[in-house]
$ cat work-v3.cif   # mmCIF, C-alpha atoms
data_run
#
loop_
_atom_site.label_atom_id
_atom_site.label_comp_id
_atom_site.auth_asym_id
_atom_site.auth_seq_id
_atom_site.Cartn_x
_atom_site.Cartn_y
_atom_site.Cartn_z
CA MET A 1 7.48 -8.91 0.43
CA SER A 2 11.07 -8.31 1.40
CA ASP A 3 11.86 -9.84 4.79
CA ALA A 4 14.22 -6.95 5.51
CA LEU A 5 11.21 -4.77 6.29
CA LEU A 6 9.67 -7.14 8.80
CA PRO A 7 10.32 -6.03 12.36
CA ALA A 8 13.27 -7.85 13.86
CA PHE A 9 11.12 -9.51 16.53
CA PHE A 10 9.21 -11.25 13.74
CA GLU A 11 12.37 -12.46 12.10
CA ARG A 12 13.77 -13.72 15.40
CA ASN A 13 10.49 -15.27 16.50
CA GLU A 14 10.61 -13.25 19.72
CA LEU A 15 6.84 -12.96 20.02
CA ASP A 16 4.61 -15.72 21.23
CA LYS A 17 1.97 -17.15 18.91
CA ASP A 18 -0.90 -15.05 20.26
CA ARG A 19 1.03 -11.82 19.97
CA ARG A 20 2.14 -12.69 16.42
CA GLU A 21 -1.46 -13.37 15.43
CA ALA A 22 -2.65 -10.19 17.09
CA PHE A 23 0.09 -8.24 15.31
CA ALA A 24 -0.95 -9.70 11.93
CA ALA A 25 -4.62 -8.93 12.50
CA GLU A 26 -3.87 -5.37 13.69
CA PHE A 27 -1.55 -4.91 10.74
CA LEU A 28 -4.25 -5.93 8.25
CA THR A 29 -6.78 -3.62 9.88
CA LEU A 30 -4.30 -0.77 9.66
CA LEU A 31 -3.49 -1.65 6.05
CA ALA A 32 -7.20 -1.49 5.21
CA GLU A 33 -7.46 1.89 6.91
CA ARG A 34 -4.39 3.27 5.15
CA THR A 35 -5.64 1.95 1.80
CA GLY A 36 -8.93 3.76 2.31
CA ARG A 37 -7.04 6.93 3.14
CA TYR A 38 -4.81 6.47 0.11
CA THR A 39 -7.75 6.13 -2.28
CA MET A 40 -9.60 8.88 -0.38
CA GLY A 41 -12.66 6.65 -0.39
CA ASP A 42 -12.85 6.67 -4.19
CA SER A 43 -12.05 3.01 -4.51
CA THR A 44 -12.70 -0.10 -2.46
CA SER A 45 -9.79 -1.91 -4.11
CA VAL A 46 -6.22 -1.21 -5.15
CA ARG A 47 -3.74 -3.03 -7.32
CA ALA A 48 -1.80 -5.68 -5.45
CA GLU A 49 1.42 -3.72 -6.09
CA THR A 50 -0.12 -0.65 -4.47
CA ALA A 51 -1.28 -2.70 -1.48
CA GLU A 52 2.24 -4.10 -1.17
CA ARG A 53 3.77 -0.61 -1.32
CA LEU A 54 1.36 0.53 1.40
CA ALA A 55 2.16 -2.54 3.49
CA ARG A 56 5.88 -1.96 3.12
CA GLY A 57 5.39 1.67 4.13
CA ILE A 58 3.66 0.59 7.34
CA LEU A 59 6.29 -2.02 8.16
CA CYS A 60 9.06 0.48 7.49
CA CYS A 61 7.57 2.94 9.99
CA VAL A 62 6.97 0.23 12.60
CA GLY A 63 10.53 -1.07 12.16
CA LEU A 64 12.01 2.41 12.28
CA HIS A 65 10.28 3.19 15.54
CA LEU A 66 11.16 -0.15 17.11
CA ARG A 67 14.82 0.28 16.20
CA SER A 68 14.83 3.64 17.91
CA ARG A 69 12.91 2.53 21.02
CA GLY A 70 13.49 -1.19 21.39
CA ALA A 71 11.26 -4.19 20.77
CA LYS A 72 9.79 -4.15 24.29
CA GLU A 73 7.34 -1.52 23.13
CA THR A 74 5.56 -4.09 21.00
CA ALA A 75 4.00 -5.65 24.06
CA GLU A 76 2.53 -2.36 25.16
CA ARG A 77 1.61 -0.49 22.01
CA SER A 78 -0.75 -1.24 19.16
CA VAL A 79 0.57 -1.61 15.63
CA LYS A 80 -1.22 1.62 14.74
CA ALA A 81 0.51 3.50 17.56
CA LEU A 82 3.88 2.09 16.49
CA TYR A 83 3.17 3.05 12.88
CA GLU A 84 2.15 6.61 13.78
CA ALA A 85 5.25 7.07 15.94
CA GLY A 86 7.30 5.61 13.05
CA VAL A 87 5.89 8.18 10.63
CA GLN A 88 7.13 10.91 12.96
CA ASP A 89 10.52 9.17 13.14
CA ALA A 90 10.67 9.00 9.34
CA ARG A 91 9.86 12.71 9.07
CA ARG A 92 12.56 13.45 11.64
CA GLN A 93 15.02 11.41 9.60
CA ALA A 94 14.00 13.34 6.47
CA ARG A 95 14.67 16.64 8.26
CA ARG A 96 18.04 15.34 9.38
CA ALA A 97 18.83 14.21 5.84
CA LYS A 98 17.92 17.65 4.53
CA LEU A 99 20.48 19.25 6.85
CA LEU A 100 23.07 16.72 5.75
CA LEU A 101 22.28 17.53 2.11
CA ARG A 102 22.90 21.23 2.76
CA GLN A 103 26.22 20.25 4.29
CA ALA A 104 27.01 18.13 1.23
CA GLU A 105 26.15 20.96 -1.14
CA ALA A 106 28.33 23.38 0.80
CA ASN A 107 31.30 21.05 1.09
CA ARG A 108 31.88 19.61 -2.34
CA PRO A 109 35.21 17.95 -3.13
CA PRO A 110 37.69 19.62 -5.48
CA VAL A 111 37.07 17.07 -8.22
CA GLU A 112 33.71 15.48 -9.09
CA ASN A 113 32.54 12.93 -11.61
CA VAL A 114 29.21 12.52 -13.39
CA GLY A 115 27.76 10.10 -10.82
CA PHE A 116 28.62 12.46 -7.98
CA SER A 117 27.22 15.62 -9.62
CA ASP A 118 24.07 13.92 -10.90
CA THR A 119 23.29 12.36 -7.53
CA LEU A 120 23.81 15.64 -5.70
CA ALA A 121 21.54 17.35 -8.19
CA ALA A 122 18.90 14.61 -7.86
CA LEU A 123 18.76 14.48 -4.06
CA PRO A 124 16.62 17.64 -3.49
CA ALA A 125 13.80 15.87 -5.36
CA PHE A 126 13.73 13.28 -2.57
CA PHE A 127 12.45 15.88 -0.10
CA GLU A 128 9.77 17.11 -2.48
CA ARG A 129 8.47 13.62 -3.24
CA TYR A 130 9.07 11.70 -0.02
CA ASP A 131 5.82 10.51 1.54
CA ALA A 132 6.44 9.26 5.08
CA ALA A 133 2.76 8.57 5.75
CA PHE A 134 2.22 6.15 2.86
CA PHE A 135 5.54 5.09 1.38
CA ALA A 136 8.15 5.70 4.05
CA HIS A 137 10.40 2.97 2.66
CA GLU A 138 10.76 4.48 -0.80
CA ILE A 139 13.51 6.72 -2.13
CA PRO A 140 11.85 8.78 -4.84
CA CYS A 141 15.01 10.03 -6.56
CA ASP A 142 18.00 8.56 -8.39
CA ILE A 143 20.99 7.79 -6.23
CA ASP A 144 23.71 6.51 -8.57
CA TYR A 145 26.92 7.51 -6.88
CA PRO A 146 28.48 4.51 -5.11
CA LEU A 147 29.90 5.16 -1.68
CA CYS A 148 33.09 3.45 -0.57
CA SER A 149 31.20 2.00 2.38
CA PRO A 150 27.61 1.36 1.21
CA VAL A 151 24.60 1.97 3.44
CA PRO A 152 23.36 -1.29 5.06
CA ASP A 153 20.50 -3.02 3.27
CA GLU A 154 18.26 -2.86 6.34
CA LEU A 155 17.80 0.88 6.04
CA PHE A 156 15.02 2.34 3.90
CA GLY A 157 13.55 5.67 2.87
CA ALA A 158 14.64 8.76 4.79
CA GLU A 159 16.77 6.73 7.19
CA TYR A 160 18.71 5.35 4.21
CA VAL A 161 19.16 8.81 2.66
CA ALA A 162 20.30 10.34 5.98
CA GLU A 163 22.87 7.59 6.46
CA TYR A 164 23.93 7.81 2.80
CA LEU A 165 24.55 11.55 3.18
CA ARG A 166 26.35 11.12 6.48
CA ARG A 167 28.79 8.75 4.80
CA TRP A 168 28.96 10.98 1.73
CA ASN A 169 29.99 13.96 3.87
CA MET A 170 32.68 11.92 5.62
CA GLU A 171 34.17 10.95 2.29
CA CYS A 172 33.97 14.53 0.99
CA ALA A 173 35.60 15.93 4.13
CA PHE A 174 38.54 13.64 3.39
CA LEU A 175 38.73 14.54 -0.31
CA ARG A 176 38.70 18.25 0.46
CA ARG A 177 42.16 17.84 2.02
CA PHE A 178 43.74 17.32 -1.39
CA GLU A 179 44.56 19.63 -4.27
CA ALA A 180 42.38 19.30 -7.35
CA PRO A 181 45.25 18.72 -9.87
CA LEU A 182 46.64 15.91 -7.73
CA LEU A 183 43.22 14.25 -7.46
CA SER A 184 42.58 14.61 -11.18
CA LEU A 185 45.92 13.02 -11.99
CA LEU A 186 45.19 10.14 -9.61
CA TYR A 187 41.75 9.52 -11.15
CA THR A 188 43.09 9.72 -14.69
CA ARG A 189 45.84 7.24 -13.93
CA ARG A 190 43.46 4.92 -12.11
CA PHE A 191 40.34 5.06 -14.29
CA GLY A 192 41.19 6.84 -17.55
CA ASP A 193 37.88 7.83 -19.13
CA ALA A 194 35.93 5.17 -17.26
CA GLY A 195 35.48 7.09 -14.03
CA LEU A 196 31.99 8.45 -14.54
CA LEU A 197 30.29 6.35 -11.88
CA VAL A 198 33.09 5.27 -9.58
CA ASN A 199 33.62 6.22 -5.98
CA LEU A 200 36.02 9.15 -5.66
CA TYR A 201 37.10 8.51 -2.09
CA ALA A 202 38.39 4.93 -2.21
CA PRO A 203 41.39 5.44 -4.57
CA VAL A 204 42.46 8.56 -2.69
CA ALA A 205 42.18 6.85 0.68
CA GLU A 206 44.19 3.89 -0.61
CA ALA A 207 46.88 6.18 -2.03
CA ALA A 208 47.05 8.24 1.17
CA LEU A 209 47.29 5.08 3.24
CA GLY A 210 50.08 3.82 1.01
CA ARG A 211 52.00 7.02 1.49
CA ALA A 212 51.59 6.82 5.25
CA LEU A 213 52.76 3.19 5.23
CA SER A 214 55.88 4.24 3.40
CA GLY A 215 56.51 6.92 6.01
CA LYS A 216 55.66 9.88 3.80
CA ARG A 217 53.07 12.64 4.06
CA ALA A 218 49.67 11.44 2.88
CA GLN A 219 48.91 14.58 0.91
CA GLY A 220 51.48 13.71 -1.77
CA LEU A 221 49.31 10.74 -2.79
CA PHE A 222 51.72 9.09 -5.24
CA ALA A 223 54.12 6.31 -4.37
CA ASP A 224 57.36 5.40 -6.16
CA GLU A 225 59.19 2.07 -6.40
CA THR A 226 60.93 2.58 -3.05
CA ASP A 227 57.62 3.36 -1.36
CA ARG A 228 56.02 0.26 -2.85
CA ALA A 229 58.87 -1.91 -1.58
CA LEU A 230 58.43 -0.43 1.90
CA ILE A 231 54.68 -0.99 1.81
CA TYR A 232 55.16 -4.58 0.70
CA GLY A 233 57.59 -5.12 3.55
CA ARG A 234 55.20 -3.73 6.15
CA VAL A 235 51.99 -5.29 4.89
CA GLY A 236 52.56 -7.84 2.16
CA ARG A 237 55.18 -9.87 3.99
CA ALA A 238 53.83 -9.33 7.50
CA SER A 239 51.48 -11.64 9.39
CA LYS A 240 47.75 -10.88 9.22
CA ASP A 241 47.74 -9.29 12.68
CA ALA A 242 50.89 -7.28 12.05
CA ALA A 243 49.55 -6.06 8.70
CA ARG A 244 46.29 -5.03 10.34
CA SER A 245 48.13 -3.13 13.07
CA ALA A 246 50.30 -1.40 10.48
CA LEU A 247 47.24 -0.41 8.44
CA LEU A 248 45.40 0.92 11.49
CA ALA A 249 48.43 2.93 12.59
CA ALA A 250 48.83 4.33 9.06
CA ALA A 251 45.13 5.25 8.96
CA GLU A 252 45.54 7.08 12.27
CA ARG A 253 48.51 8.99 10.86
CA VAL A 254 46.55 9.92 7.72
CA CYS A 255 43.61 11.21 9.77
CA GLY A 256 45.96 13.07 12.09
CA GLU A 257 47.83 14.68 9.22
CA LEU A 258 44.68 15.66 7.35
CA GLY A 259 42.75 16.71 10.45
CA VAL A 260 39.74 14.48 9.84
CA ALA A 261 38.02 12.28 12.38
CA GLY A 262 34.55 10.84 12.76
CA GLY A 263 33.38 12.50 9.54
CA ARG A 264 33.93 15.97 10.95
CA ASP A 265 36.25 18.53 9.53
CA LYS A 266 38.60 19.62 12.32
CA ARG A 267 39.60 22.73 10.41
CA THR A 268 36.08 24.19 10.28
CA MET B 1 4.19 -13.54 8.82
CA GLU B 2 3.60 -17.06 7.61
CA ASN B 3 2.88 -18.54 11.03
CA THR B 4 -0.06 -16.31 11.73
CA ARG B 5 -3.77 -16.76 11.22
CA LEU B 6 -3.99 -14.80 7.95
CA PRO B 7 -6.50 -17.19 6.34
CA ASP B 8 -8.83 -16.39 9.27
CA VAL B 9 -8.67 -12.74 8.41
CA VAL B 10 -9.36 -13.50 4.75
CA ARG B 11 -12.27 -15.72 5.78
CA LYS B 12 -13.63 -12.91 7.93
CA MET B 13 -13.48 -10.60 4.92
CA GLU B 14 -15.50 -13.14 2.91
CA GLU B 15 -18.00 -13.39 5.76
CA HIS B 16 -18.21 -9.61 5.83
CA LEU B 17 -19.05 -9.59 2.11
CA SER B 18 -21.71 -12.27 2.63
CA GLY B 19 -23.28 -10.10 5.32
CA GLU B 20 -23.26 -7.12 2.96
CA LEU B 21 -24.91 -9.19 0.22
CA ARG B 22 -27.62 -10.42 2.62
CA ALA B 23 -28.30 -6.79 3.52
CA CYS B 24 -28.60 -6.03 -0.21
CA ASN B 25 -31.45 -8.55 -0.44
CA LEU B 26 -33.56 -6.30 1.78
CA ARG B 27 -33.11 -3.41 -0.62
CA THR B 28 -33.45 -5.37 -3.88
CA ALA B 29 -36.57 -7.30 -2.83
CA ARG B 30 -38.83 -4.55 -4.15
CA TYR B 31 -37.31 -5.09 -7.62
CA GLY B 32 -37.95 -8.81 -7.41
CA LEU B 33 -34.28 -9.65 -6.93
CA LYS B 34 -32.89 -11.93 -4.25
CA LEU B 35 -29.65 -13.82 -3.78
CA SER B 36 -29.90 -17.26 -2.19
CA GLU B 37 -27.24 -18.38 0.29
CA THR B 38 -25.74 -20.49 -2.50
CA SER B 39 -25.62 -17.44 -4.78
CA ILE B 40 -24.08 -15.33 -2.04
CA ALA B 41 -21.34 -17.90 -1.51
CA ALA B 42 -20.80 -18.19 -5.27
CA LEU B 43 -20.56 -14.41 -5.67
CA ALA B 44 -18.10 -14.17 -2.76
CA ARG B 45 -15.93 -16.78 -4.46
CA ARG B 46 -16.27 -15.11 -7.84
CA ARG B 47 -15.29 -11.75 -6.38
CA ALA B 48 -12.19 -13.32 -4.79
CA ASP B 49 -11.29 -14.94 -8.12
CA ALA B 50 -11.90 -11.69 -10.02
CA LEU B 51 -9.66 -9.78 -7.62
CA ARG B 52 -6.94 -12.39 -7.92
CA ASP B 53 -7.17 -12.48 -11.72
CA ALA B 54 -7.04 -8.68 -11.91
CA GLY B 55 -4.16 -8.55 -9.41
CA ARG B 56 -6.12 -6.37 -7.03
CA VAL B 57 -6.71 -6.32 -3.29
CA GLU B 58 -9.86 -5.17 -1.55
CA PHE B 59 -10.14 -4.33 2.13
CA GLY B 60 -13.23 -3.56 4.16
CA GLU B 61 -16.24 -2.75 2.03
CA SER B 62 -16.52 -4.48 -1.32
CA ALA B 63 -17.53 -3.04 -4.68
CA VAL B 64 -20.07 -5.85 -5.21
CA PRO B 65 -22.83 -4.30 -3.05
CA LYS B 66 -22.23 -1.00 -4.87
CA LEU B 67 -22.78 -2.79 -8.18
CA ILE B 68 -25.96 -4.40 -6.89
CA GLU B 69 -27.20 -1.07 -5.58
CA ALA B 70 -26.51 0.63 -8.90
CA PHE B 71 -28.01 -2.06 -11.16
CA CYS B 72 -30.93 -3.39 -9.14
CA ASP B 73 -33.48 -0.94 -10.56
CA SER B 74 -32.52 -1.61 -14.17
CA PRO B 75 -35.48 -2.96 -16.13
CA TYR B 76 -33.10 -5.39 -17.86
CA LEU B 77 -31.91 -7.13 -14.70
CA LEU B 78 -34.04 -10.20 -14.02
CA GLN B 79 -33.98 -12.68 -11.17
CA GLU B 80 -32.98 -15.63 -13.39
CA ASP B 81 -29.81 -13.81 -14.53
CA TYR B 82 -29.18 -11.91 -11.33
CA GLU B 83 -26.25 -13.89 -9.90
CA ARG B 84 -24.55 -14.38 -13.28
CA THR B 85 -24.97 -10.71 -14.21
CA ILE B 86 -23.53 -9.42 -10.93
CA GLY B 87 -20.67 -11.92 -11.24
CA GLU B 88 -19.77 -10.74 -14.73
CA LEU B 89 -20.17 -7.09 -13.80
CA THR B 90 -17.81 -7.69 -10.88
CA GLU B 91 -15.14 -9.13 -13.18
CA ALA B 92 -15.58 -6.29 -15.68
CA PHE B 93 -15.44 -3.72 -12.89
CA TYR B 94 -12.06 -4.83 -11.52
CA SER B 95 -10.66 -5.21 -15.01
CA LEU B 96 -11.71 -1.67 -15.94
CA LYS B 97 -10.26 -0.33 -12.70
CA ASN B 98 -6.93 -1.78 -13.77
CA ASP B 99 -7.26 -0.44 -17.32
CA SER B 100 -7.86 3.04 -15.95
CA PHE B 101 -4.78 2.86 -13.70
CA ASP B 102 -7.14 3.61 -10.80
CA ARG B 103 -7.85 7.09 -12.13
CA ILE B 104 -11.62 6.50 -12.15
CA ALA B 105 -13.52 6.43 -8.87
CA ASP B 106 -15.69 3.37 -8.20
CA ASP B 107 -18.92 5.34 -8.33
CA GLU B 108 -18.06 7.02 -11.61
CA LEU B 109 -17.11 3.74 -13.24
CA ILE B 110 -20.24 1.99 -12.00
CA GLU B 111 -22.34 4.84 -13.35
CA LYS B 112 -20.76 4.43 -16.81
CA MET B 113 -21.29 0.66 -16.67
CA ARG B 114 -24.92 1.10 -15.76
CA ALA B 115 -25.45 3.63 -18.58
CA CYS B 116 -23.90 1.20 -21.04
CA TYR B 117 -25.96 -1.72 -19.70
CA ASP B 118 -29.21 0.20 -20.17
CA ALA B 119 -28.17 1.68 -23.52
CA TYR B 120 -27.60 -1.85 -24.87
CA GLU B 121 -30.78 -3.18 -23.26
CA GLY B 122 -29.07 -5.36 -20.69
CA CYS B 123 -26.41 -6.75 -23.01
CA LEU B 124 -23.58 -7.86 -20.73
CA ASP B 125 -21.17 -8.18 -23.65
CA ALA B 126 -21.46 -4.44 -24.19
CA VAL B 127 -20.48 -3.76 -20.57
CA THR B 128 -17.70 -6.34 -20.38
CA GLY B 129 -16.44 -5.02 -23.74
CA LEU B 130 -16.26 -1.43 -22.50
CA THR B 131 -12.93 0.15 -23.26
CA LEU B 132 -11.12 2.73 -21.26
CA ALA B 133 -11.55 5.21 -24.11
CA SER B 134 -15.33 4.84 -24.06
CA VAL B 135 -15.44 5.14 -20.28
CA LEU B 136 -13.36 8.30 -20.35
CA ARG B 137 -15.09 9.87 -23.34
CA GLY B 138 -17.80 11.63 -21.36
CA ARG B 139 -15.37 12.48 -18.63
CA ARG B 140 -13.11 14.41 -20.99
CA LEU B 141 -16.15 16.36 -22.16
CA ASP B 142 -17.04 17.14 -18.56
CA ASP B 143 -13.48 18.21 -17.86
CA ALA B 144 -13.47 20.44 -20.92
CA GLU B 145 -16.76 22.02 -19.81
CA GLU B 146 -15.37 22.60 -16.34
CA ASP B 147 -12.27 24.20 -17.84
CA ALA B 148 -14.45 26.39 -20.02
CA ASP B 149 -16.48 27.44 -16.98
CA GLU B 150 -13.32 28.47 -15.20
#
$ encode --input "work-v3.cif" --output "structure tokens"
Amino acid sequence: MSDALLPAFFERNELDKDRREAFAAEFLTLLAERTGRYTMGDSTSVRAETAERLARGILCCVGLHLRSRGAKETAERSVKALYEAGVQDARRQARRAKLLLRQAEANRPPVENVGFSDTLAALPAFFERYDAAFFAHEIPCDIDYPLCSPVPDELFGAEYVAEYLRRWNMECAFLRRFEAPLLSLLYTRRFGDAGLLVNLYAPVAEAALGRALSGKRAQGLFADETDRALIYGRVGRASKDAARSALLAAAERVCGELGVAGGRDKRT
Amino acid sequence: MENTRLPDVVRKMEEHLSGELRACNLRTARYGLKLSETSIAALARRRADALRDAGRVEFGESAVPKLIEAFCDSPYLLQEDYERTIGELTEAFYSLKNDSFDRIADDELIEKMRACYDAYEGCLDAVTGLTLASVLRGRRLDDAEEDADE
């Protein structure tokens, strides 16, 4: 079983031996109960893979609730209580993700690729198939589009999808500041015909940053030889700290010019 | 969770099964069938092995008492073969559960196994050689009849 699903207090050995043993015993009792519920009493046994999926679902809910409330609750609440609260948390995350999906559908960028369109079309299936009570950790749909800044590995299920969509919307809010022909030209020059599954935000952000570093408006996107020489002077030849400061200042200018901050669209 | 007392929990599950099998003795006595403590321990081990070999996990109640309950009144089940028969039925049961992708309920599968056992006059090979197709054959007919009724 993936260690990433084990509650952090287990990983960090925060619990004393008795509490760890009690947790394990309570967990197994709960797993037996959930397995019985899953088979609806039709079967005394399940495949090991099914038992593992059920176990991961429980751990996901427990972990989700502990992350939201803090590990101190473990001393006071039973594993079953933590799991049940975690199921509610997972359902809340799914509702949040659904709102973020509506936002994503309403705010599409001017140019899309196959990975983007397919993923957006596949995401509604997540909400039809997601089962917080049994398999809260699973993502029952295909998410192929790579984000510029991927979702951390410690997130699962609805929490992962909500965070994925939050980041997705931030990237789209940025892309919507640019004209479609300019974006298409940038993608064609950068990827040719190989841009079916690449991230759409990263090359635009890089280009906009480059323009800002060369003292030009970000929305133009393309840099000429003079711009490149300026950029090299400000970043390539500068010390690490100076380069970082220049990049941060340029990023601020880009966000200011485009009116984007914190993933929200300042124009709407 | 490697530093916990998981083996204790597993041992408790085995003890639980042993208790269930002892309780079965009370019900099977009238058919002249009884499991000794040695047989109970052997069946508990065999069930654990069968589960492991089939890649299955069982919590709480076991299917073994259900098998005993279903087969104990068969005229072909005799005391001298009792432990061996239940052991082999247990292995066949978990294997068939896997073959059916868990689409057959325990009780339904046990019923088919018992019918086959009696039809072949207690021949265990017939039961252990049951295929998914033969188990489902009657079920499809039932389903078709239900559909026709609707």
$ interface_residues --input "work-v3.cif" --of "chain B" --to "chain A" --cutoff "6 Å" --atoms "all atoms listed in the file" --output "count of residues only"
10
$ residues_near_point --input "work-v3.cif" --point "(39.1, 16.7, -4.8)" --cutoff "9 Å" --atoms "only C-alpha atoms" --output "PyMOL selection string"
chain A and resi 108-112+172+174-184+200-201
$ write_last_selection --input "work-v3.cif" --atoms "C-alpha atoms" --output "short mmCIF file (atom, residue, chain, number, x, y, z; two decimals), keeping the file's coordinate frame"
data_model
loop_
_atom_site.label_atom_id
_atom_site.label_comp_id
_atom_site.auth_asym_id
_atom_site.auth_seq_id
_atom_site.Cartn_x
_atom_site.Cartn_y
_atom_site.Cartn_z
CA ARG A 108 31.88 19.61 -2.34
CA PRO A 109 35.21 17.95 -3.13
CA PRO A 110 37.69 19.62 -5.48
CA VAL A 111 37.07 17.07 -8.22
CA GLU A 112 33.71 15.48 -9.09
CA CYS A 172 33.97 14.53 0.99
CA PHE A 174 38.54 13.64 3.39
CA LEU A 175 38.73 14.54 -0.31
CA ARG A 176 38.70 18.25 0.46
CA ARG A 177 42.16 17.84 2.02
CA PHE A 178 43.74 17.32 -1.39
CA GLU A 179 44.56 19.63 -4.27
CA ALA A 180 42.38 19.30 -7.35
CA PRO A 181 45.25 18.72 -9.87
CA LEU A 182 46.64 15.91 -7.73
CA LEU A 183 43.22 14.25 -7.46
CA SER A 184 42.58 14.61 -11.18
CA LEU A 200 36.02 9.15 -5.66
CA TYR A 201 37.10 8.51 -2.09
#
$ residues_around --input "work-v3.cif" --residues "B:Glu108" --least-positions-apart "6" --cutoff "12 Å" --atoms "all atoms listed in the file" --output "JSON list (two decimals) with C-alpha atoms, keeping the file's coordinate frame"
[["chain", "number", "residue", "atom", "x", "y", "z"],
["A", 42, "ASP", "CA", -12.85, 6.67, -4.19],
["A", 43, "SER", "CA", -12.05, 3.01, -4.51],
["B", 66, "LYS", "CA", -22.23, -1.00, -4.87],
["B", 67, "LEU", "CA", -22.78, -2.79, -8.18],
["B", 70, "ALA", "CA", -26.51, 0.63, -8.90],
["B", 93, "PHE", "CA", -15.44, -3.72, -12.89],
["B", 96, "LEU", "CA", -11.71, -1.67, -15.94],
["B", 97, "LYS", "CA", -10.26, -0.33, -12.70],
["B", 100, "SER", "CA", -7.86, 3.04, -15.95],
["B", 102, "ASP", "CA", -7.14, 3.61, -10.80],
["B", 114, "ARG", "CA", -24.92, 1.10, -15.76],
["B", 115, "ALA", "CA", -25.45, 3.63, -18.58],
["B", 135, "VAL", "CA", -15.44, 5.14, -20.28],
["B", 136, "LEU", "CA", -13.36, 8.30, -20.35],
["B", 138, "GLY", "CA", -17.80, 11.63, -21.36],
["B", 139, "ARG", "CA", -15.37, 12.48, -18.63]]
$ atom_distance --input "work-v3.cif" --atom1 "atom CA of A:Ala104" --atom2 "atom CA of A:Arg166"
8.8 Å
$ resolve_selection --input "work-v3.cif" --expression "the PyMOL selection byres ((chain B and resi 44-48) around 8)" --output "JSON, numbers by chain"
{"B": [14, 17, 18, 40, 41, 42, 43, 49, 50, 51, 52, 64, 87, 90, 91]}
$ atom_distance --input "work-v3.cif" --atom1 "atom CA of A:Tyr187" --atom2 "atom CA of A:Val204"
8.5 Å
$ atom_distance --input "work-v3.cif" --atom1 "atom CA of A:Gly215" --atom2 "atom CA of A:Gly233"
12.3 Å
